[in-house]
Amino acid sequence: MKYLVINGPNMNLLGTREPDLYGHESLDTLMSTLTTWARGVQVEIQWIQSNHEGELIDAIQQAASAYDGIIINPAGYGHTSVALRDALLASSLPSVEVHLTNLAKREDFRSRTLTAGAALGQISGFGPTVYSLAVIALNEHLEN
């Protein structure tokens, strides 16, 4: 299996942005750890991060020809981007939405995302573990 992991705006600031909330690990370290772990379950991970909505949409649209599934942390765009939701819906790929923090414990406007309804499911609140849980969820979905 081969999955594309898409990380949205401000994820490049992990490790320095609100470390009490998001942790001290950089996105590069988090993705390196995930990539290594995923190899152990026969999954190849490629990942991108962008602060630009159009780049995320382009990645989703291009993913169908190269990947078996998408793991997406839309970050703030999850709450605002109908276009990102539409791209996920138009994609032929199964996707899982992830968030490092528990959205239900955050500000009211963060409790719901527009993009979650376009995914198989949403995993939030378990820090970096959400990414490996998403790999497991995609694997189980695709095996069935």
# chains A, B, ... in the order shown; residues from 1 in each chain; ligands from 1

$ closest_atom_pairs --of "stretch 65-98 of chain A" --to "stretch 121-124 of chain A" --cutoff "9 Å" --atoms "only C-alpha atoms" --output "CSV"
residue,atom,partner,partner_atom,distance
A:Ser95,CA,A:Gly121,CA,7.7
A:Val96,CA,A:Gly121,CA,5.4
A:Glu97,CA,A:Gln122,CA,4.6
A:Val98,CA,A:Ile123,CA,4.8

$ write_last_selection --atoms "N, CA and C atoms" --output "PDB file, in the first residue's frame"
ATOM      1  N   SER A  95     -10.055   8.240   2.354  1.00  0.00           N
ATOM      2  CA  SER A  95      -9.231   9.137   3.162  1.00  0.00           C
ATOM      3  C   SER A  95      -9.635   9.053   4.630  1.00  0.00           C
ATOM      4  N   VAL A  96      -8.678   9.404   5.477  1.00  0.00           N
ATOM      5  CA  VAL A  96      -8.908   9.506   6.914  1.00  0.00           C
ATOM      6  C   VAL A  96      -8.418  10.886   7.337  1.00  0.00           C
ATOM      7  N   GLU A  97      -9.246  11.605   8.070  1.00  0.00           N
ATOM      8  CA  GLU A  97      -8.861  12.924   8.578  1.00  0.00           C
ATOM      9  C   GLU A  97      -8.275  12.762   9.975  1.00  0.00           C
ATOM     10  N   VAL A  98      -7.181  13.469  10.227  1.00  0.00           N
ATOM     11  CA  VAL A  98      -6.534  13.405  11.539  1.00  0.00           C
ATOM     12  C   VAL A  98      -6.289  14.814  12.084  1.00  0.00           C
TER      13      VAL A  98
END

$ select_by_dssp --residues "stretch 11-97 of chain A" --states "helix (DSSP H, G or I)" --output "compact mmCIF listing (two decimals) with N, CA and C atoms, in the first residue's frame"
# COMPACT_ATOMS: atom_id res chain seq x y z
N MET A 11 1.24 23.54 9.99
CA MET A 11 1.83 22.29 10.46
C MET A 11 3.35 22.33 10.37
N ASN A 12 3.89 23.18 9.52
CA ASN A 12 5.33 23.35 9.43
C ASN A 12 5.92 23.98 10.69
N LEU A 13 5.08 24.50 11.56
CA LEU A 13 5.53 25.13 12.80
C LEU A 13 5.50 24.18 14.00
N PRO A 19 3.76 24.57 21.86
CA PRO A 19 4.20 23.20 22.17
C PRO A 19 3.40 22.53 23.28
N ASP A 20 2.81 23.31 24.18
CA ASP A 20 1.98 22.70 25.22
C ASP A 20 0.73 22.06 24.62
N LEU A 21 0.31 22.54 23.47
CA LEU A 21 -0.87 22.01 22.81
C LEU A 21 -0.51 20.98 21.74
N TYR A 22 0.51 21.28 20.94
CA TYR A 22 0.85 20.46 19.78
C TYR A 22 2.10 19.60 19.97
N LEU A 27 7.42 18.63 12.45
CA LEU A 27 6.69 17.85 11.44
C LEU A 27 7.63 16.89 10.73
N ASP A 28 8.85 17.33 10.43
CA ASP A 28 9.81 16.43 9.78
C ASP A 28 10.07 15.19 10.62
N THR A 29 10.25 15.38 11.92
CA THR A 29 10.49 14.24 12.82
C THR A 29 9.26 13.35 12.90
N LEU A 30 8.09 13.95 13.02
CA LEU A 30 6.84 13.19 13.10
C LEU A 30 6.66 12.35 11.84
N MET A 31 6.88 12.94 10.68
CA MET A 31 6.69 12.22 9.41
C MET A 31 7.77 11.16 9.21
N SER A 32 8.97 11.41 9.66
CA SER A 32 10.05 10.42 9.57
C SER A 32 9.72 9.21 10.43
N THR A 33 9.24 9.45 11.63
CA THR A 33 8.83 8.37 12.53
C THR A 33 7.70 7.56 11.92
N LEU A 34 6.71 8.25 11.36
CA LEU A 34 5.58 7.57 10.73
C LEU A 34 6.04 6.73 9.54
N THR A 35 6.89 7.29 8.71
CA THR A 35 7.39 6.59 7.52
C THR A 35 8.11 5.31 7.91
N THR A 36 8.94 5.39 8.93
CA THR A 36 9.67 4.21 9.40
C THR A 36 8.71 3.18 9.97
N TRP A 37 7.78 3.60 10.79
CA TRP A 37 6.81 2.68 11.38
C TRP A 37 5.98 2.01 10.29
N ALA A 38 5.53 2.80 9.31
CA ALA A 38 4.65 2.28 8.26
C ALA A 38 5.34 1.20 7.42
N ARG A 39 6.64 1.34 7.22
CA ARG A 39 7.36 0.29 6.48
C ARG A 39 7.19 -1.07 7.15
N GLU A 53 -3.98 26.56 0.15
CA GLU A 53 -5.14 25.70 -0.10
C GLU A 53 -5.08 25.05 -1.48
N GLY A 54 -4.74 25.82 -2.50
CA GLY A 54 -4.69 25.29 -3.86
C GLY A 54 -3.68 24.17 -4.03
N GLU A 55 -2.55 24.26 -3.34
CA GLU A 55 -1.54 23.19 -3.41
C GLU A 55 -2.08 21.90 -2.79
N LEU A 56 -2.84 22.03 -1.71
CA LEU A 56 -3.44 20.85 -1.08
C LEU A 56 -4.47 20.21 -2.00
N ILE A 57 -5.27 21.05 -2.65
CA ILE A 57 -6.27 20.55 -3.60
C ILE A 57 -5.60 19.86 -4.77
N ASP A 58 -4.54 20.48 -5.31
CA ASP A 58 -3.80 19.85 -6.41
C ASP A 58 -3.27 18.48 -6.00
N ALA A 59 -2.73 18.39 -4.79
CA ALA A 59 -2.18 17.11 -4.32
C ALA A 59 -3.27 16.04 -4.24
N ILE A 60 -4.43 16.41 -3.75
CA ILE A 60 -5.55 15.46 -3.68
C ILE A 60 -5.96 15.01 -5.08
N GLN A 61 -6.08 15.95 -5.99
CA GLN A 61 -6.50 15.61 -7.35
C GLN A 61 -5.50 14.72 -8.06
N GLN A 62 -4.22 14.90 -7.79
CA GLN A 62 -3.18 14.12 -8.46
C GLN A 62 -2.92 12.78 -7.78
N ALA A 63 -3.41 12.60 -6.57
CA ALA A 63 -3.11 11.40 -5.78
C ALA A 63 -3.68 10.12 -6.36
N ALA A 75 -5.77 20.83 9.14
CA ALA A 75 -5.52 21.93 10.08
C ALA A 75 -6.67 22.92 9.98
N GLY A 76 -6.37 24.20 9.99
CA GLY A 76 -7.41 25.22 9.98
C GLY A 76 -8.33 25.17 8.78
N TYR A 77 -7.83 24.67 7.64
CA TYR A 77 -8.68 24.58 6.45
C TYR A 77 -9.83 23.60 6.63
N GLY A 78 -9.70 22.69 7.55
CA GLY A 78 -10.80 21.76 7.80
C GLY A 78 -12.08 22.46 8.22
N HIS A 79 -11.92 23.61 8.85
CA HIS A 79 -13.08 24.36 9.35
C HIS A 79 -13.63 25.34 8.34
N VAL A 82 -14.58 24.56 1.79
CA VAL A 82 -15.50 23.74 1.00
C VAL A 82 -14.75 23.14 -0.18
N ALA A 83 -13.80 23.88 -0.73
CA ALA A 83 -13.03 23.40 -1.88
C ALA A 83 -12.20 22.17 -1.53
N LEU A 84 -11.62 22.15 -0.34
CA LEU A 84 -10.86 20.98 0.09
C LEU A 84 -11.80 19.78 0.28
N ARG A 85 -12.95 20.03 0.87
CA ARG A 85 -13.96 18.97 1.02
C ARG A 85 -14.37 18.42 -0.34
N ASP A 86 -14.63 19.33 -1.29
CA ASP A 86 -15.05 18.91 -2.63
C ASP A 86 -13.97 18.08 -3.32
N ALA A 87 -12.70 18.46 -3.13
CA ALA A 87 -11.60 17.69 -3.74
C ALA A 87 -11.55 16.28 -3.16
N LEU A 88 -11.73 16.16 -1.85
CA LEU A 88 -11.74 14.83 -1.23
C LEU A 88 -12.91 14.00 -1.75
N LEU A 89 -14.07 14.62 -1.87
CA LEU A 89 -15.24 13.90 -2.38
C LEU A 89 -15.05 13.47 -3.83
N ALA A 90 -14.40 14.31 -4.62
CA ALA A 90 -14.18 14.00 -6.04
C ALA A 90 -13.10 12.93 -6.23

$ atom_distance --atom1 "atom CA of A:Asn102" --atom2 "atom CA of A:Asn73"
12.8 Å

$ closest_residue --among "A:His52, A:His141, A:Arg17, A:His99" --to "A:Leu120" --atoms "only C-alpha atoms"
A:His141

$ select_by_dssp --residues "stretch 67-122 of chain A" --states "strand (DSSP E)" --output "list in words"
Gly69, Ile70, Ile71, Ile72, Asn73, Ser95, Val96, Glu97, Val98, His99, Gly121 and Gln122 of chain A

$ closest_residue --among "A:Leu4, A:Ser92, A:Ser81, A:Gly117" --to "A:Ile45" --atoms "only C-alpha atoms"
A:Leu4

$ atom_distance --atom1 "atom CA of A:Phe126" --atom2 "atom CA of A:Asn51"
22.9 Å

$ closest_residue --among "A:Thr115, A:Thr16, A:Asn7, A:Thr101" --to "A:Val130" --atoms "only C-alpha atoms"
A:Thr101

$ closest_residue --among "A:Tyr3, A:Leu100, A:Asp68, A:Ser26" --to "A:Gly127" --atoms "only C-alpha atoms"
A:Leu100
